[in-house]
Amino acid sequence: MKILRNVLLMIGGLAAVGSVPVIAQVHKYFNPGTIWEVSMIEISSGMDQKYLQHLDTSFKKSEDAQVKAGFLKSYKILRTLDNGGTGTWNLLILREYASLAAMEANTEKADALSLLSDSTADEQMKGYEDRSKYRTVVGRKYARELILK
């Protein structure tokens with residue numbers, strides 16, 4: 001029994017030592033990049049100009065203030081070339097943050113800045129209600145950019 005136990009211990013030790021080179025061979029194919037908030041928007045049929053007007057005025061003013069203050073790195077708006085169908089998005093709003101930590105740490109400051117650049121909280125709520133008549137937020141996701149090596 002004692003010999004069998006020693007043989008098993010030796011096999012276990014060799015297996016552990018043999019696994020080290022395998023672990024060392026794992027390669028990392030990317031560096032973590034910035035964090036993107038992706039909002040999927042469905043613009044109601046025939047209401048494109050109304051929503052685009054909002055994006056070009058108060059939305060742009062607010063986002064530019066966020067970038068200038070350093071809370072956002074950048075933002076982009078992407079529009080599909082077709083209108084999609086009911087219940088699907090046809091516009092993406094992308095907001096780029098330096099990191100998850102920066103996004104979370106600046107939430108309250110960014111909200112306070114929005115109140116300064118936009119209006120009062122009641123006026124913001126009225127704007128949300130008005131926009132809900134001609135656009136629907138289909139979903140929101142957060143993604144990390146992968147920078148390939």
# chains A, B, ... in the order shown; residues from 1 in each chain; ligands from 1
>>> residues_around(residues="range 85-89 of chain A", least_positions_apart="5", cutoff="7 Å", atoms="only C-alpha atoms", output="PDB file with C-alpha atoms, in the first residue's frame")
ATOM      1  CA  MET A  40     -30.770  50.863 -29.677  1.00  0.00           C
ATOM      2  CA  ILE A  41     -33.500  53.239 -30.799  1.00  0.00           C
ATOM      3  CA  GLU A  42     -36.531  52.665 -33.002  1.00  0.00           C
ATOM      4  CA  VAL A 138     -35.431  49.037 -27.810  1.00  0.00           C
TER       5      VAL A 138
END
>>> residues_around(residues="range 47-62 of chain A", least_positions_apart="4", cutoff="10 Å", atoms="only C-alpha atoms", output="number ranges by chain")
A: 42-43, 66-68, 75, 77, 93, 110, 113-119, 127, 131, 133-135
>>> residues_around(residues="Lys109 in chain A", least_positions_apart="2", cutoff="12 Å", atoms="only C-alpha atoms", output="list in words")
Ala65, Gln66, Ala69, Gly70, Phe71, Leu72, Ala102, Met103, Glu104, Ala105, Asn106, Thr107, Asp111, Ala112, Leu113, Ser114, Leu115 and Leu116 of chain A
>>> atom_distance(atom1="CA of Val38 in chain A", atom2="CA of Lys141 in chain A")
5.2 Å
>>> closest_residue(among="A:Ala98, A:Glu108, A:Gln124, A:Asp82", to="Gly33 in chain A", atoms="only C-alpha atoms")
A:Ala98
>>> select_by_dssp(residues="range 25-134 of chain A", states="strand (DSSP E or B)", output="PyMOL selection string")
chain A and resi 30-43+74-79+91-97
>>> residues_around(residues="Ser74 in chain A", least_positions_apart="3", cutoff="8 Å", atoms="only C-alpha atoms", output="count of residues only")
4
>>> closest_residue(among="A:Ser132, A:Leu92, A:Ile147, A:Glu123", to="Glu37 in chain A", atoms="only C-alpha atoms")
A:Leu92
>>> residues_around(residues="Leu146 in chain A", least_positions_apart="3", cutoff="9 Å", atoms="only C-alpha atoms", output="ChimeraX atom specification")
/A:30-34
>>> write_last_selection(atoms="N, CA and C atoms", output="PDB file, in the first residue's frame")
ATOM      1  N   PHE A  30      -5.801  40.116 -27.191  1.00  0.00           N
ATOM      2  CA  PHE A  30      -6.293  41.488 -27.241  1.00  0.00           C
ATOM      3  C   PHE A  30      -5.935  42.232 -25.967  1.00  0.00           C
ATOM      4  N   ASN A  31      -5.987  43.543 -26.060  1.00  0.00           N
ATOM      5  CA  ASN A  31      -5.895  44.412 -24.885  1.00  0.00           C
ATOM      6  C   ASN A  31      -7.279  44.991 -24.657  1.00  0.00           C
ATOM      7  N   PRO A  32      -7.703  45.118 -23.408  1.00  0.00           N
ATOM      8  CA  PRO A  32      -9.016  45.705 -23.157  1.00  0.00           C
ATOM      9  C   PRO A  32      -9.004  47.194 -23.510  1.00  0.00           C
ATOM     10  N   GLY A  33     -10.037  47.618 -24.193  1.00  0.00           N
ATOM     11  CA  GLY A  33     -10.149  49.020 -24.597  1.00  0.00           C
ATOM     12  C   GLY A  33     -11.190  49.745 -23.768  1.00  0.00           C
ATOM     13  N   THR A  34     -11.783  50.742 -24.375  1.00  0.00           N
ATOM     14  CA  THR A  34     -12.769  51.575 -23.694  1.00  0.00           C
ATOM     15  C   THR A  34     -14.109  50.862 -23.575  1.00  0.00           C
TER      16      THR A  34
END
>>> atom_distance(atom1="CA of Leu148 in chain A", atom2="CA of Ser99 in chain A")
17.5 Å
>>> select_by_dssp(residues="range 18-101 of chain A", states="alpha helix (DSSP H)", output="JSON, numbers by chain")
{"A": [18, 19, 20, 21, 22, 23, 24, 48, 49, 50, 51, 52, 53, 54, 60, 61, 62, 63, 64, 65, 66, 67, 68, 69, 100, 101]}
>>> closest_residue(among="A:Glu63, A:Lys28, A:Ser39, A:Asp122", to="Ala143 in chain A", atoms="only C-alpha atoms")
A:Ser39
>>> decode(residues="range 62-134 of chain A", atoms="C-alpha atoms", output="PDB file, in the first residue's frame")
ATOM      1  CA  SER A  62     -25.536  67.805 -23.581  1.00  0.00           C
ATOM      2  CA  GLU A  63     -23.148  65.218 -25.042  1.00  0.00           C
ATOM      3  CA  ASP A  64     -20.607  67.859 -26.075  1.00  0.00           C
ATOM      4  CA  ALA A  65     -20.673  69.206 -22.503  1.00  0.00           C
ATOM      5  CA  GLN A  66     -20.051  65.666 -21.171  1.00  0.00           C
ATOM      6  CA  VAL A  67     -17.063  65.236 -23.517  1.00  0.00           C
ATOM      7  CA  LYS A  68     -15.656  68.662 -22.635  1.00  0.00           C
ATOM      8  CA  ALA A  69     -15.937  67.865 -18.901  1.00  0.00           C
ATOM      9  CA  GLY A  70     -14.137  64.551 -19.450  1.00  0.00           C
ATOM     10  CA  PHE A  71     -17.040  62.317 -18.392  1.00  0.00           C
ATOM     11  CA  LEU A  72     -17.333  60.888 -21.928  1.00  0.00           C
ATOM     12  CA  LYS A  73     -14.509  60.210 -24.358  1.00  0.00           C
ATOM     13  CA  SER A  74     -16.750  60.473 -27.415  1.00  0.00           C
ATOM     14  CA  TYR A  75     -20.157  59.668 -28.825  1.00  0.00           C
ATOM     15  CA  LYS A  76     -21.481  58.549 -32.189  1.00  0.00           C
ATOM     16  CA  ILE A  77     -24.834  58.107 -33.862  1.00  0.00           C
ATOM     17  CA  LEU A  78     -25.332  55.371 -36.456  1.00  0.00           C
ATOM     18  CA  ARG A  79     -28.427  55.091 -38.626  1.00  0.00           C
ATOM     19  CA  THR A  80     -29.403  51.984 -40.579  1.00  0.00           C
ATOM     20  CA  LEU A  81     -29.894  52.331 -44.309  1.00  0.00           C
ATOM     21  CA  ASP A  82     -33.279  50.633 -44.078  1.00  0.00           C
ATOM     22  CA  ASN A  83     -36.108  51.300 -41.667  1.00  0.00           C
ATOM     23  CA  GLY A  84     -36.091  47.803 -40.217  1.00  0.00           C
ATOM     24  CA  GLY A  85     -39.399  46.544 -38.954  1.00  0.00           C
ATOM     25  CA  THR A  86     -41.634  47.155 -36.001  1.00  0.00           C
ATOM     26  CA  GLY A  87     -39.823  46.383 -32.778  1.00  0.00           C
ATOM     27  CA  THR A  88     -36.349  46.605 -34.261  1.00  0.00           C
ATOM     28  CA  TRP A  89     -33.861  49.420 -33.909  1.00  0.00           C
ATOM     29  CA  ASN A  90     -32.960  51.732 -36.765  1.00  0.00           C
ATOM     30  CA  LEU A  91     -30.593  54.081 -34.923  1.00  0.00           C
ATOM     31  CA  LEU A  92     -27.735  53.465 -32.496  1.00  0.00           C
ATOM     32  CA  ILE A  93     -26.397  55.971 -29.995  1.00  0.00           C
ATOM     33  CA  LEU A  94     -22.881  55.053 -28.860  1.00  0.00           C
ATOM     34  CA  ARG A  95     -21.223  56.671 -25.865  1.00  0.00           C
ATOM     35  CA  GLU A  96     -17.553  55.922 -25.169  1.00  0.00           C
ATOM     36  CA  TYR A  97     -16.187  55.913 -21.615  1.00  0.00           C
ATOM     37  CA  ALA A  98     -12.545  55.545 -20.598  1.00  0.00           C
ATOM     38  CA  SER A  99     -13.369  52.623 -18.278  1.00  0.00           C
ATOM     39  CA  LEU A 100     -16.146  51.121 -16.184  1.00  0.00           C
ATOM     40  CA  ALA A 101     -14.657  52.736 -13.106  1.00  0.00           C
ATOM     41  CA  ALA A 102     -14.648  56.179 -14.755  1.00  0.00           C
ATOM     42  CA  MET A 103     -18.222  55.735 -15.938  1.00  0.00           C
ATOM     43  CA  GLU A 104     -19.445  54.753 -12.479  1.00  0.00           C
ATOM     44  CA  ALA A 105     -17.366  57.358 -10.627  1.00  0.00           C
ATOM     45  CA  ASN A 106     -18.678  60.206 -12.782  1.00  0.00           C
ATOM     46  CA  THR A 107     -22.377  59.289 -12.850  1.00  0.00           C
ATOM     47  CA  GLU A 108     -23.488  61.865 -10.288  1.00  0.00           C
ATOM     48  CA  LYS A 109     -21.256  64.605 -11.749  1.00  0.00           C
ATOM     49  CA  ALA A 110     -22.524  63.840 -15.254  1.00  0.00           C
ATOM     50  CA  ASP A 111     -26.144  64.018 -14.049  1.00  0.00           C
ATOM     51  CA  ALA A 112     -25.474  67.375 -12.405  1.00  0.00           C
ATOM     52  CA  LEU A 113     -23.869  68.652 -15.616  1.00  0.00           C
ATOM     53  CA  SER A 114     -26.898  67.479 -17.606  1.00  0.00           C
ATOM     54  CA  LEU A 115     -29.127  69.575 -15.397  1.00  0.00           C
ATOM     55  CA  LEU A 116     -26.923  72.606 -16.054  1.00  0.00           C
ATOM     56  CA  SER A 117     -26.711  72.130 -19.810  1.00  0.00           C
ATOM     57  CA  ASP A 118     -30.248  70.886 -20.435  1.00  0.00           C
ATOM     58  CA  SER A 119     -32.720  72.330 -17.969  1.00  0.00           C
ATOM     59  CA  THR A 120     -34.466  71.393 -14.757  1.00  0.00           C
ATOM     60  CA  ALA A 121     -35.285  67.797 -13.859  1.00  0.00           C
ATOM     61  CA  ASP A 122     -38.973  68.450 -14.615  1.00  0.00           C
ATOM     62  CA  GLU A 123     -38.139  69.825 -18.064  1.00  0.00           C
ATOM     63  CA  GLN A 124     -35.932  66.797 -18.740  1.00  0.00           C
ATOM     64  CA  MET A 125     -38.774  64.468 -17.739  1.00  0.00           C
ATOM     65  CA  LYS A 126     -41.152  66.347 -20.046  1.00  0.00           C
ATOM     66  CA  GLY A 127     -38.614  65.894 -22.858  1.00  0.00           C
ATOM     67  CA  TYR A 128     -38.446  62.136 -22.198  1.00  0.00           C
ATOM     68  CA  GLU A 129     -42.239  61.937 -22.299  1.00  0.00           C
ATOM     69  CA  ASP A 130     -42.402  63.953 -25.540  1.00  0.00           C
ATOM     70  CA  ARG A 131     -39.736  61.811 -27.237  1.00  0.00           C
ATOM     71  CA  SER A 132     -41.520  58.602 -26.194  1.00  0.00           C
ATOM     72  CA  LYS A 133     -44.241  59.570 -28.693  1.00  0.00           C
ATOM     73  CA  TYR A 134     -41.886  59.281 -31.679  1.00  0.00           C
TER      74      TYR A 134
END
